[in-house]
Structure formats: C-alpha cells, structure tokens
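A.B. asks: My structure is in target.txt, and what it holds is compact mmCIF, C-alpha atoms and all ligand atoms:
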# COMPACT_ATOMS: atom_id res chain seq x y z
CA MET A 25 15.64 31.79 -1.60
CA TYR A 26 18.96 33.22 -0.40
CA PRO A 27 22.58 32.76 -1.59
CA PHE A 28 24.35 29.52 -0.66
CA ALA A 29 27.37 27.58 -1.88
CA PHE A 30 26.97 24.28 -3.74
CA ALA A 31 29.51 21.50 -4.21
CA LYS A 32 29.16 18.10 -5.86
CA ALA A 33 31.08 15.31 -4.13
CA THR A 34 32.61 12.84 -6.57
CA ASP A 35 33.62 10.33 -3.89
CA THR A 36 32.97 9.59 -0.24
CA ARG A 37 36.21 11.16 0.99
CA GLU A 38 35.40 14.43 -0.77
CA ALA A 39 31.91 14.39 0.78
CA LEU A 40 33.25 13.79 4.27
CA ASP A 41 35.84 16.57 3.93
CA ALA A 42 33.11 19.00 2.89
CA GLY A 43 30.78 17.72 5.63
CA ARG A 44 33.45 18.26 8.26
CA GLY A 45 33.53 21.90 7.18
CA GLY A 46 29.85 22.29 8.12
CA GLY A 47 28.14 21.67 4.75
CA ARG A 48 24.76 19.94 4.53
CA TYR A 49 24.38 16.77 2.50
CA ILE A 50 21.68 16.71 -0.16
CA ALA A 51 20.55 13.95 -2.53
CA GLY A 52 16.90 13.94 -3.66
CA GLY A 53 16.38 17.31 -1.97
CA THR A 54 12.64 16.77 -1.62
CA THR A 55 12.50 18.07 1.97
CA LEU A 56 15.52 20.33 2.28
CA VAL A 57 14.90 22.44 -0.82
CA ASP A 58 11.30 23.06 0.30
CA LEU A 59 12.49 24.20 3.70
CA MET A 60 15.16 26.42 2.18
CA ARG A 61 12.56 28.08 -0.05
CA GLU A 62 10.51 28.86 3.05
CA THR A 63 13.71 29.99 4.89
CA VAL A 64 12.98 27.46 7.65
CA GLU A 65 16.44 26.03 6.96
CA ARG A 66 19.35 28.21 5.83
CA PRO A 67 22.41 26.05 5.19
CA GLU A 68 25.38 28.03 3.87
CA THR A 69 26.78 25.11 1.86
CA LEU A 70 25.06 22.16 0.19
CA ILE A 71 27.06 19.06 -0.70
CA ASP A 72 25.44 17.02 -3.44
CA ILE A 73 26.07 13.36 -2.61
CA SER A 74 23.78 11.89 -5.25
CA GLY A 75 26.76 10.54 -7.23
CA LEU A 76 28.18 8.44 -4.38
CA PRO A 77 28.09 4.64 -4.69
CA LEU A 78 25.42 4.05 -2.03
CA ARG A 79 22.69 2.62 -4.24
CA GLY A 80 22.54 -1.15 -3.90
CA VAL A 81 19.93 -3.42 -2.31
CA THR A 82 21.60 -6.64 -1.14
CA VAL A 83 20.60 -9.69 0.85
CA THR A 84 22.99 -10.12 3.76
CA GLU A 85 24.70 -13.42 4.58
CA ARG A 86 22.14 -14.35 7.20
CA GLY A 87 19.12 -13.39 5.11
CA GLY A 88 18.62 -9.80 6.19
CA LEU A 89 18.57 -6.87 3.81
CA ARG A 90 20.87 -3.91 3.28
CA ILE A 91 19.39 -0.91 1.47
CA GLY A 92 21.85 1.77 0.33
CA ALA A 93 21.13 5.28 1.56
CA LEU A 94 20.80 6.63 -1.98
CA VAL A 95 18.31 4.04 -3.22
CA ARG A 96 15.23 5.94 -4.34
CA MET A 97 12.00 5.21 -2.47
CA ALA A 98 10.33 3.91 -5.66
CA GLU A 99 13.31 1.65 -6.44
CA ALA A 100 13.31 0.16 -2.94
CA ALA A 101 9.54 -0.37 -2.98
CA ALA A 102 9.70 -2.23 -6.30
CA HIS A 103 12.84 -4.27 -5.57
CA PRO A 104 12.02 -8.00 -5.74
CA LYS A 105 14.02 -8.81 -2.59
CA VAL A 106 12.36 -6.07 -0.58
CA ARG A 107 8.94 -7.19 -1.78
CA SER A 108 9.54 -10.86 -1.05
CA LEU A 109 11.48 -10.62 2.24
CA PHE A 110 9.89 -7.58 3.88
CA PRO A 111 6.64 -6.50 2.19
CA VAL A 112 6.03 -4.18 5.13
CA ILE A 113 8.83 -1.96 3.76
CA SER A 114 7.42 -1.92 0.21
CA GLU A 115 3.92 -1.16 1.47
CA ALA A 116 5.11 1.67 3.73
CA LEU A 117 7.03 3.22 0.85
CA GLU A 118 4.17 2.89 -1.63
CA LEU A 119 1.79 4.60 0.79
CA SER A 120 4.17 7.57 1.17
CA ALA A 121 4.13 10.91 -0.64
CA SER A 122 3.42 10.97 -4.41
CA ALA A 123 4.86 8.93 -7.27
CA GLN A 124 6.94 11.92 -8.36
CA LEU A 125 8.44 12.35 -4.88
CA ARG A 126 9.07 8.61 -4.51
CA ASN A 127 11.04 8.75 -7.77
CA MET A 128 13.32 11.47 -6.35
CA ALA A 129 13.55 10.94 -2.59
CA THR A 130 16.10 8.51 -1.16
CA ILE A 131 15.92 6.08 1.75
CA GLY A 132 18.53 8.08 3.70
CA GLY A 133 16.69 11.32 3.07
CA ASN A 134 13.37 9.78 4.00
CA ILE A 135 14.45 8.91 7.53
CA MET A 136 16.09 12.35 7.85
CA GLN A 137 12.93 14.23 6.80
CA ARG A 138 11.64 16.87 9.16
CA THR A 139 8.25 17.21 10.78
CA ARG A 140 5.16 18.44 8.95
CA CYS A 141 4.05 20.52 11.97
CA SER A 142 2.64 23.63 10.30
CA TYR A 143 4.11 25.92 12.97
CA PHE A 144 7.58 24.56 12.22
CA ARG A 145 7.13 25.67 8.60
CA ASP A 146 5.67 29.07 9.52
CA VAL A 147 8.65 31.29 10.34
CA THR A 148 6.38 33.75 12.17
CA ALA A 149 5.24 31.12 14.74
CA ASP A 150 6.96 30.12 17.99
CA CYS A 151 8.72 26.80 17.47
CA ASN A 152 11.42 25.27 19.67
CA LYS A 153 12.43 22.91 16.91
CA ARG A 154 13.15 25.71 14.43
CA GLU A 155 14.25 28.31 16.96
CA PRO A 156 15.27 26.80 20.34
CA GLY A 157 13.79 28.59 23.32
CA SER A 158 11.03 30.38 21.38
CA GLY A 159 8.19 28.16 22.65
CA CYS A 160 5.80 25.70 21.03
CA ALA A 161 2.77 27.17 19.27
CA ALA A 162 1.24 23.71 18.82
CA LEU A 163 0.75 23.11 22.56
CA GLU A 164 -2.10 25.63 22.73
CA GLY A 165 -2.73 25.81 19.01
CA HIS A 166 -4.15 23.48 16.39
CA ASN A 167 -2.74 20.08 17.33
CA ARG A 168 -5.06 17.52 15.74
CA THR A 169 -2.26 15.81 13.80
CA HIS A 170 0.36 15.99 16.54
CA ALA A 171 1.89 13.28 18.71
CA ILE A 172 0.41 11.57 21.75
CA LEU A 173 3.51 9.50 22.59
CA GLY A 174 7.09 10.56 23.33
CA THR A 175 6.15 14.22 23.62
CA SER A 176 7.72 16.82 25.89
CA ASP A 177 6.80 20.30 27.10
CA ALA A 178 9.09 21.61 24.37
CA CYS A 179 7.67 19.77 21.31
CA VAL A 180 4.77 17.52 20.32
CA ALA A 181 5.49 17.08 16.60
CA THR A 182 5.22 13.67 14.93
CA HIS A 183 7.91 12.10 12.80
CA PRO A 184 6.38 11.98 9.31
CA SER A 185 8.12 8.98 7.69
CA ASP A 186 6.17 5.79 6.95
CA VAL A 187 9.12 3.56 6.11
CA ALA A 188 10.80 4.59 9.37
CA VAL A 189 7.88 2.90 11.16
CA ALA A 190 8.66 -0.33 9.30
CA PHE A 191 12.38 0.04 10.12
CA ALA A 192 11.53 0.59 13.80
CA ALA A 193 9.30 -2.49 13.89
CA LEU A 194 11.97 -4.65 12.22
CA GLU A 195 14.73 -3.28 14.51
CA ALA A 196 16.87 -2.05 11.64
CA ASN A 197 20.32 -0.57 12.05
CA VAL A 198 21.53 2.65 10.44
CA HIS A 199 25.05 2.49 8.99
CA LEU A 200 27.00 5.73 9.25
CA LEU A 201 30.32 6.95 7.94
CA GLY A 202 32.05 9.98 9.39
CA PRO A 203 35.45 11.56 9.95
CA ALA A 204 36.09 9.04 12.78
CA GLY A 205 35.13 6.01 10.64
CA GLU A 206 32.14 3.71 10.33
CA ARG A 207 29.58 2.90 12.97
CA ARG A 208 26.19 1.25 13.24
CA VAL A 209 23.33 2.70 15.28
CA PRO A 210 20.17 0.78 16.19
CA PHE A 211 17.16 2.48 14.62
CA ALA A 212 15.63 2.98 18.06
CA ASP A 213 18.61 5.18 19.00
CA PHE A 214 18.98 6.98 15.68
CA LEU A 215 15.89 9.18 15.82
CA LEU A 216 15.74 11.22 19.04
CA ARG A 217 12.74 12.12 21.14
CA PRO A 218 12.41 15.88 21.59
CA GLY A 219 13.05 16.20 25.33
CA SER A 220 14.31 19.73 25.97
CA THR A 221 16.21 19.87 22.65
CA PRO A 222 13.69 19.21 19.86
CA ASN A 223 16.04 20.89 17.37
CA ARG A 224 18.32 17.83 17.66
CA GLU A 225 16.54 15.04 15.80
CA GLN A 226 19.11 12.38 14.90
CA ALA A 227 22.09 10.81 16.65
CA LEU A 228 24.42 11.96 13.87
CA ARG A 229 27.85 13.34 14.68
CA LYS A 230 29.27 16.29 12.77
CA GLY A 231 30.01 15.37 9.18
CA GLU A 232 28.50 11.88 9.34
CA LEU A 233 26.73 10.38 6.34
CA ILE A 234 24.10 7.65 6.29
CA THR A 235 25.45 4.90 4.05
CA ALA A 236 22.74 2.22 4.43
CA VAL A 237 19.87 0.84 6.47
CA GLU A 238 20.22 -2.81 7.36
CA ILE A 239 17.30 -4.99 8.36
CA PRO A 240 18.36 -8.02 10.38
CA ALA A 241 17.33 -11.51 9.38
CA LEU A 242 14.14 -12.78 10.96
CA PRO A 243 12.86 -16.34 11.23
CA ARG A 244 10.89 -17.60 8.21
CA PRO A 245 8.13 -17.85 7.18
CA LEU A 246 7.47 -14.22 8.04
CA LYS A 247 4.30 -12.34 7.18
CA SER A 248 4.41 -8.58 7.31
CA GLY A 249 2.50 -5.50 6.21
CA TYR A 250 1.81 -1.80 6.78
CA LEU A 251 -1.52 -0.06 7.37
CA LYS A 252 -1.88 3.71 7.13
CA VAL A 253 -4.94 5.64 8.31
CA ARG A 254 -5.21 9.21 7.01
CA ASP A 255 -7.70 11.93 6.15
CA ARG A 256 -7.57 11.13 2.42
CA GLN A 257 -6.36 8.06 0.57
CA SER A 258 -3.46 9.64 -1.30
CA TYR A 259 -0.62 12.09 -0.75
CA GLU A 260 -1.33 12.54 2.95
CA PHE A 261 0.53 11.88 6.20
CA ALA A 262 -0.64 9.27 8.70
CA LEU A 263 -3.04 10.02 11.52
CA THR A 264 -2.10 6.55 12.72
CA SER A 265 -0.27 3.65 11.13
CA ALA A 266 0.92 0.19 12.07
CA ALA A 267 3.81 -1.95 10.84
CA VAL A 268 3.48 -5.62 11.79
CA ALA A 269 5.67 -8.70 11.16
CA LEU A 270 4.77 -12.14 12.54
CA HIS A 271 6.50 -15.52 12.47
CA VAL A 272 4.13 -18.36 13.37
CA ARG A 273 5.33 -21.96 13.77
CA ARG A 274 3.14 -24.94 14.67
CA GLY A 275 0.25 -22.58 15.23
CA VAL A 276 2.07 -20.44 17.81
CA ILE A 277 3.47 -16.92 17.35
CA GLN A 278 7.23 -17.19 17.81
CA THR A 279 8.23 -13.66 16.76
CA ALA A 280 6.21 -10.44 16.71
CA LYS A 281 7.51 -7.05 15.54
CA VAL A 282 5.12 -4.13 15.85
CA ALA A 283 5.49 -0.34 15.61
CA ALA A 284 3.14 2.59 15.12
CA GLY A 285 3.36 5.83 13.16
CA GLY A 286 1.51 9.15 13.17
CA VAL A 287 1.30 9.08 16.95
CA GLY A 288 4.86 9.45 18.24
CA THR A 289 7.57 12.07 18.12
CA VAL A 290 9.60 9.18 16.69
CA PRO A 291 8.35 5.94 15.09
CA TRP A 292 6.81 4.18 18.06
CA LYS A 293 7.89 0.63 18.84
CA LEU A 294 5.25 -1.36 20.77
CA PRO A 295 7.15 -3.88 22.96
CA VAL A 296 4.20 -4.56 25.28
CA VAL A 297 2.03 -5.48 22.30
CA GLU A 298 4.81 -7.74 21.00
CA GLN A 299 5.20 -9.47 24.38
CA HIS A 300 1.48 -10.04 24.55
CA LEU A 301 1.58 -11.86 21.19
CA VAL A 302 4.61 -14.12 21.53
CA GLY A 303 3.83 -17.65 22.69
CA GLU A 304 0.13 -17.32 21.87
CA ARG A 305 -2.07 -18.80 19.14
CA PRO A 306 -3.42 -16.31 16.59
CA SER A 307 -7.03 -15.38 17.22
CA ASP A 308 -9.30 -12.37 16.95
CA ALA A 309 -9.40 -12.21 20.74
CA LEU A 310 -5.59 -12.11 20.87
CA TRP A 311 -5.35 -9.29 18.29
CA SER A 312 -7.83 -7.29 20.32
CA SER A 313 -6.23 -7.88 23.72
CA ALA A 314 -2.71 -7.16 22.40
CA ALA A 315 -3.78 -3.97 20.59
CA ALA A 316 -5.41 -2.73 23.80
CA HIS A 317 -1.83 -1.93 24.94
CA ALA A 318 -0.90 0.08 21.83
CA ALA A 319 -1.57 3.49 23.38
CA ASN A 320 -0.01 2.79 26.78
CA GLY A 321 1.48 6.02 28.14
CA ALA A 322 -0.34 8.27 25.64
CA ARG A 323 -0.68 11.95 26.52
CA PRO A 324 -3.28 13.35 24.10
CA LEU A 325 -3.61 17.06 23.40
CA ALA A 326 -6.80 19.13 23.10
CA HIS A 327 -7.52 18.21 19.46
CA ASN A 328 -6.07 14.72 19.06
CA ARG A 329 -7.76 12.64 21.79
CA PHE A 330 -9.27 10.51 19.01
CA LYS A 331 -5.80 9.14 18.22
CA THR A 332 -5.71 6.96 21.35
CA GLU A 333 -8.65 4.83 20.23
CA LEU A 334 -7.76 5.07 16.55
CA LEU A 335 -4.27 3.75 17.28
CA LYS A 336 -5.62 0.68 19.11
CA ARG A 337 -8.02 -0.04 16.26
CA THR A 338 -5.29 0.45 13.64
CA VAL A 339 -2.96 -2.00 15.38
CA GLU A 340 -5.74 -4.54 15.92
CA ARG A 341 -6.80 -4.33 12.29
CA GLN A 342 -3.26 -4.76 10.99
CA LEU A 343 -2.62 -7.70 13.32
CA ARG A 344 -5.73 -9.32 11.86
CA ILE A 345 -4.67 -8.55 8.28
CA VAL A 346 -1.19 -10.02 8.79
CA GLY A 347 -2.05 -12.81 11.25
CA GLY A 348 -5.42 -13.84 9.83
CA THR A 349 -8.93 -14.09 11.23
CA LYS A 350 -9.47 -17.01 13.57
FE1 LIG B 401 7.70 23.45 16.79
FE2 LIG B 401 7.51 20.99 17.75
FE3 LIG B 401 5.94 22.86 18.70
FE4 LIG B 401 5.60 22.04 16.19
S1 LIG B 401 5.28 20.84 18.00
S2 LIG B 401 5.60 24.15 16.95
S3 LIG B 401 7.70 21.54 15.62
S4 LIG B 401 8.18 22.82 18.85
How does the structure come out when it is put into structure tokens?

C.D. replies:
Amino acid sequence: MYPFAFAKATDTREALDAGRGGGRYIAGGTTLVDLMRETVERPETLIDISGLPLRGVTVTERGGLRIGALVRMAEAAAHPKVRSLFPVISEALELSASAQLRNMATIGGNIMQRTRCSYFRDVTADCNKREPGSGCAALEGHNRTHAILGTSDACVATHPSDVAVAFAALEANVHLLGPAGERRVPFADFLLRPGSTPNREQALRKGELITAVEIPALPRPLKSGYLKVRDRQSYEFALTSAAVALHVRRGVIQTAKVAAGGVGTVPWKLPVVEQHLVGERPSDALWSSAAAHAANGARPLAHNRFKTELLKRTVERQLRIVGGTK
C-alpha cells in the first residue's frame, strides 16, 4: 500500500465538493481496495460515501424499481420487491462473488467494478486500460476468458458484473448526481466500449456520483431469470451468461429483453434475438432459431473460440428455462 488521504462524507454536498477536488468515491471497497493493494490504482484521496442516504429499494409509480446505489448486493438480492418483480436481478446477484463480498459490495460499486483481465492486475504487463499506450498483452497472450464482442485493437477485456447484464437486458437507467446537478443515463450508454481509450470505462463526468439504478416498468405478467456458465459452480466469473425477460399474452411473445455476459467488453444487449422472438409463439424451435443470432458480429481470439457456440447454447437454454418447453 502507499499513503493516501481519507475523508468521510456526512452528506451529499460534502461528497460532491470532495469529488470535484479529484477524490475517488468508495463504499464497500471490495474492488478498489484490492486494486490499491496491488498498486493498479493509486488514488490520492478516498471519499467514503457509505453514510449517504442512498440505500432504499422502492417501486416507482408505474411499477418499475429504483435501487439505491448504496444498497448492498445481498440486500438487493433478498428484497421481496426485487425477487417478485425482477427475479433476473436477484438471480444475477446471488450468482456473483461470495456471500461475504455480497454483504459488503454495493449496487453502485458493482456496476463500477473493473475487469478481471489478469494482465490488468499485473503491473509488469502491457495494458492499455491500466497504462494508456502501453499495448495489450492479452491480444497475443492467454485470452481464454476474454471478450468476443465489442472488442478493439486496444482492449479485449470483459466486463465482469453479472447484475449489469440483467440491467442491460431490462434497459435500466443510471441516476447520477454531480456538480452540475442530476441526470439520468441509459444503461447502454453508461458503460463504454474500449475503442481507442479502454482506460475510460463509464460515462461519468468529473465528481459525479451514482445515486440509483432504475428499472423501467415492463408489461405483466413477466417471467425472467439469469443463467451463468462458468468453470466452477461458485465464486467464479462467467464464461457466458444470459439474462432473459419475457412477457407472453394470449400465447404470443409481446416483449422480449435479452442480454449476455462474459462475452462482451460491456454487458451485451441482443436486439436481433429480441426481434426474432417478439410476435412469435414460444417453442423449442423458436428458442433455437433466436439464439442462433446471439453471437452475431463475434470476433473470437486464439483461446476463446469456444465462446461463440457456448453463447448461443447459453441463450437458447435460458430462453427455454424462462419461456418453457413447447
Ligand atoms: Fe489490458 Fe484490456 Fe489488454 Fe487486458 S485486454 S491487457 S485490460 S488492454
């Protein structure tokens, strides 16, 4: 570790003032402290925001859900409204990390977490995300767990969050508060693809705080769920995953929300799969033909070619789990 300053914000204004001065916000600290120990990140000032009033889970007027940024992962997963309205969120959270980490880590911190690319965490390796312009050791290195979608010549790292995949599928919005006031950013625009600047990962302006994630109302009844495929059944990141939500009325799919994880540089929304489903009657043949589009545009690397087929099978299986076998 190295010397750094630490301040505890007692209210939002105090936090924003400190954030404007260049400090880094910290709540659960489950990612940032790790990275500071490894000197991958070296913030000069930490601002503890864990005491701010950003903890509630509320049902919005139209029947959506607002989850405060400081709600712990375990709390959100167990919340009766999250479980009943959007089980896909609960399932994604419960399949993440360990029980100890879920008790500490917050929803805001979860979507801000940084990649698990081993070269990013090895300060002796070339990594454009950690040190812009240094190169990408993963391109020619060990890249079995890396992304096949949304990659660039500068970075091929996956986004590690599970619940972010559910938020992407459900088209959530991220609520932000900064020196210039409040704003709301669609989830699809919040996390950034690497392009030529993989070090810039979120559409946050200087000093902005995440205050909540809001999931819009969807037609009911809605069935949803999350499937995660990984090398071991616990405490492991996804090789592939699928978040699916379906609204079926009079035997026809009216609404389909689908996204994939473990395969993209950001949680990967699957609009072509969704379009293929809407207006159709659930059937095994439909799940299969829709999932065939899940890896459209994939650019596999030397060690992760298996992900293309695995992704299609993961999406097909989760469509069948949520939509039923017909
Ligand atoms: Fe760094 Fe991204 Fe390359 Fe990993 S994939 S080494 S995070 S630039």

A.B. asks: Residues at most 10 Å from Arg66 (chain A), counting all atoms listed in the file, excluding those fewer than 3 positions away in the same chain, as a list in words?

C.D. replies: Met25, Tyr26, Pro27, Phe28, Arg48, Leu56, Val57, Leu59, Met60, Arg61, Glu62, Thr63 and Thr69 of chain A

A.B. asks: Go through the chains and note each residue within 9 Å of ligand LIG 401 (chain B), using only C-alpha atoms and all ligand atoms, then give the set as number ranges by chain.

C.D. replies: A: 138-146, 149-156, 158-163, 165, 167, 170-171, 175, 177-182, 218, 222-223, 289

A.B. asks: How would the residues just chosen look if you wrote them out with C-alpha atoms as a short mmCIF file (atom, residue, chain, number, x, y, z; two decimals), in the coordinates of the input?

C.D. replies:
data_model
loop_
_atom_site.label_atom_id
_atom_site.label_comp_id
_atom_site.auth_asym_id
_atom_site.auth_seq_id
_atom_site.Cartn_x
_atom_site.Cartn_y
_atom_site.Cartn_z
CA ARG A 138 11.64 16.87 9.16
CA THR A 139 8.25 17.21 10.78
CA ARG A 140 5.16 18.44 8.95
CA CYS A 141 4.05 20.52 11.97
CA SER A 142 2.64 23.63 10.30
CA TYR A 143 4.11 25.92 12.97
CA PHE A 144 7.58 24.56 12.22
CA ARG A 145 7.13 25.67 8.60
CA ASP A 146 5.67 29.07 9.52
CA ALA A 149 5.24 31.12 14.74
CA ASP A 150 6.96 30.12 17.99
CA CYS A 151 8.72 26.80 17.47
CA ASN A 152 11.42 25.27 19.67
CA LYS A 153 12.43 22.91 16.91
CA ARG A 154 13.15 25.71 14.43
CA GLU A 155 14.25 28.31 16.96
CA PRO A 156 15.27 26.80 20.34
CA SER A 158 11.03 30.38 21.38
CA GLY A 159 8.19 28.16 22.65
CA CYS A 160 5.80 25.70 21.03
CA ALA A 161 2.77 27.17 19.27
CA ALA A 162 1.24 23.71 18.82
CA LEU A 163 0.75 23.11 22.56
CA GLY A 165 -2.73 25.81 19.01
CA ASN A 167 -2.74 20.08 17.33
CA HIS A 170 0.36 15.99 16.54
CA ALA A 171 1.89 13.28 18.71
CA THR A 175 6.15 14.22 23.62
CA ASP A 177 6.80 20.30 27.10
CA ALA A 178 9.09 21.61 24.37
CA CYS A 179 7.67 19.77 21.31
CA VAL A 180 4.77 17.52 20.32
CA ALA A 181 5.49 17.08 16.60
CA THR A 182 5.22 13.67 14.93
CA PRO A 218 12.41 15.88 21.59
CA PRO A 222 13.69 19.21 19.86
CA ASN A 223 16.04 20.89 17.37
CA THR A 289 7.57 12.07 18.12
#

A.B. asks: Could you give me, as a PyMOL selection string, the residues within 12 Å of Glu115 (chain A), counting all atoms listed in the file and dropping anything in the same chain fewer than 3 positions from it?

C.D. replies: chain A and resi 97-98+100-103+106-108+110-112+118-120+186-190+248-252+265-268

A.B. asks: Go ahead and save the picked residues with C-alpha atoms, as a short mmCIF file (atom, residue, chain, number, x, y, z; two decimals), in the coordinates of the input.

C.D. replies:
data_model
loop_
_atom_site.label_atom_id
_atom_site.label_comp_id
_atom_site.auth_asym_id
_atom_site.auth_seq_id
_atom_site.Cartn_x
_atom_site.Cartn_y
_atom_site.Cartn_z
CA MET A 97 12.00 5.21 -2.47
CA ALA A 98 10.33 3.91 -5.66
CA ALA A 100 13.31 0.16 -2.94
CA ALA A 101 9.54 -0.37 -2.98
CA ALA A 102 9.70 -2.23 -6.30
CA HIS A 103 12.84 -4.27 -5.57
CA VAL A 106 12.36 -6.07 -0.58
CA ARG A 107 8.94 -7.19 -1.78
CA SER A 108 9.54 -10.86 -1.05
CA PHE A 110 9.89 -7.58 3.88
CA PRO A 111 6.64 -6.50 2.19
CA VAL A 112 6.03 -4.18 5.13
CA GLU A 118 4.17 2.89 -1.63
CA LEU A 119 1.79 4.60 0.79
CA SER A 120 4.17 7.57 1.17
CA ASP A 186 6.17 5.79 6.95
CA VAL A 187 9.12 3.56 6.11
CA ALA A 188 10.80 4.59 9.37
CA VAL A 189 7.88 2.90 11.16
CA ALA A 190 8.66 -0.33 9.30
CA SER A 248 4.41 -8.58 7.31
CA GLY A 249 2.50 -5.50 6.21
CA TYR A 250 1.81 -1.80 6.78
CA LEU A 251 -1.52 -0.06 7.37
CA LYS A 252 -1.88 3.71 7.13
CA SER A 265 -0.27 3.65 11.13
CA ALA A 266 0.92 0.19 12.07
CA ALA A 267 3.81 -1.95 10.84
CA VAL A 268 3.48 -5.62 11.79
#

A.B. asks: Please provide as a ChimeraX atom specification all residues within 10 Å of region 201-210 of chain A, with the sequence filter that same-chain residues fewer than 3 positions apart are discarded (counting only C-alpha atoms).

C.D. replies: /A:36-37,39-41,43-44,191-192,195-198,213-215,227-238

A.B. asks: Looking at A:Lys336, A:Pro240, A:Pro324, A:Phe330, which one is nearest to Ser312 (chain A), with distances taken over all atoms listed in the file?

C.D. replies: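 Closest candidate: A:Lys336.
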
A.B. asks: Given the choices A:Lys32, A:Arg305, A:Arg256, A:His317, which gets closest to Thr279 (chain A) if the distance is worked out from only C-alpha atoms?

C.D. replies: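 Counting only C-alpha atoms, the residue closest to Thr279 (chain A) is A:Arg305.
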
A.B. asks: For CA of Tyr259 (chain A) and CA of Ala123 (chain A), quote the distance in Å rounded to one decimal.

C.D. replies: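 That distance, rounded to one decimal, is 9.1 Å.
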
A.B. asks: What are the nearest atom pairs, with distances in Å to one decimal, for all residues of region 268-321 of chain A that come at most 10 Å from region 341-344 of chain A, using all atoms listed in the file, set out by chain and rising residue number as a Markdown table?

C.D. replies:
| residue | atom | partner | partner_atom | distance |
| --- | --- | --- | --- | --- |
| A:Val268 | CA | A:Leu343 | CA | 6.6 |
| A:Ala269 | CA | A:Leu343 | CA | 8.6 |
| A:Leu270 | CA | A:Leu343 | CA | 8.7 |
| A:Ala280 | CA | A:Leu343 | CA | 9.8 |
| A:Val282 | CA | A:Leu343 | CA | 8.9 |
| A:Leu301 | CA | A:Leu343 | CA | 9.8 |
| A:Pro306 | CA | A:Arg344 | CA | 8.8 |
| A:Ser307 | CA | A:Arg344 | CA | 8.2 |
| A:Asp308 | CA | A:Arg344 | CA | 6.9 |
| A:Leu310 | CA | A:Leu343 | CA | 9.2 |
| A:Trp311 | CA | A:Leu343 | CA | 5.9 |
| A:Ser312 | CA | A:Arg341 | CA | 8.6 |
| A:Ala314 | CA | A:Leu343 | CA | 9.1 |
| A:Ala315 | CA | A:Leu343 | CA | 8.3 |

A.B. asks: Counting all atoms listed in the file, which residue out of A:Leu109, A:Gly133, A:Arg254, A:Ser122 sits closest to Ser74 (chain A)?

C.D. replies: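 Checking each of A:Leu109, A:Gly133, A:Arg254, A:Ser122 against Ser74 (chain A), counting all atoms listed in the file, the winner is A:Gly133.
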
A.B. asks: Looking at A:Ala93, A:Ile172, A:Ala318, A:Ile113, which one is nearest to Glu298 (chain A), with distances taken over all atoms listed in the file?

C.D. replies: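 Ranking A:Ala93, A:Ile172, A:Ala318, A:Ile113 by distance to Glu298 (chain A), first place goes to A:Ala318.
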
A.B. asks: Working from the structure I just supplied, which lacks atoms in region 283-288 of chain A, can you model all heavy atoms there and output them as a PDB file, in the coordinates of the input?

C.D. replies:
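Once written, selection.pdb looks like this:
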ATOM      1  N   ALA A 283       5.228  -1.764  15.324  1.00  0.00           N
ATOM      2  CA  ALA A 283       5.490  -0.340  15.610  1.00  0.00           C
ATOM      3  C   ALA A 283       4.348   0.488  15.029  1.00  0.00           C
ATOM      4  O   ALA A 283       3.638   0.041  14.125  1.00  0.00           O
ATOM      5  CB  ALA A 283       6.827   0.097  15.032  1.00  0.00           C
ATOM      6  N   ALA A 284       4.220   1.701  15.556  1.00  0.00           N
ATOM      7  CA  ALA A 284       3.140   2.590  15.120  1.00  0.00           C
ATOM      8  C   ALA A 284       3.700   3.908  14.609  1.00  0.00           C
ATOM      9  O   ALA A 284       4.758   4.365  15.060  1.00  0.00           O
ATOM     10  CB  ALA A 284       2.180   2.844  16.278  1.00  0.00           C
ATOM     11  N   GLY A 285       2.974   4.518  13.683  1.00  0.00           N
ATOM     12  CA  GLY A 285       3.360   5.830  13.160  1.00  0.00           C
ATOM     13  C   GLY A 285       2.211   6.822  13.292  1.00  0.00           C
ATOM     14  O   GLY A 285       1.071   6.449  13.588  1.00  0.00           O
ATOM     15  N   GLY A 286       2.524   8.099  13.101  1.00  0.00           N
ATOM     16  CA  GLY A 286       1.510   9.150  13.170  1.00  0.00           C
ATOM     17  C   GLY A 286       1.130   9.535  14.590  1.00  0.00           C
ATOM     18  O   GLY A 286       0.317  10.435  14.792  1.00  0.00           O
ATOM     19  N   VAL A 287       1.701   8.862  15.554  1.00  0.00           N
ATOM     20  CA  VAL A 287       1.300   9.080  16.950  1.00  0.00           C
ATOM     21  C   VAL A 287       2.477   9.460  17.855  1.00  0.00           C
ATOM     22  O   VAL A 287       2.265   9.965  18.955  1.00  0.00           O
ATOM     23  CB  VAL A 287       0.641   7.810  17.541  1.00  0.00           C
ATOM     24  CG1 VAL A 287      -0.740   7.596  16.950  1.00  0.00           C
ATOM     25  CG2 VAL A 287       1.516   6.581  17.357  1.00  0.00           C
ATOM     26  N   GLY A 288       3.702   9.221  17.389  1.00  0.00           N
ATOM     27  CA  GLY A 288       4.860   9.450  18.240  1.00  0.00           C
ATOM     28  C   GLY A 288       5.771  10.538  17.690  1.00  0.00           C
ATOM     29  O   GLY A 288       5.758  10.825  16.485  1.00  0.00           O
TER      30      GLY A 288
END
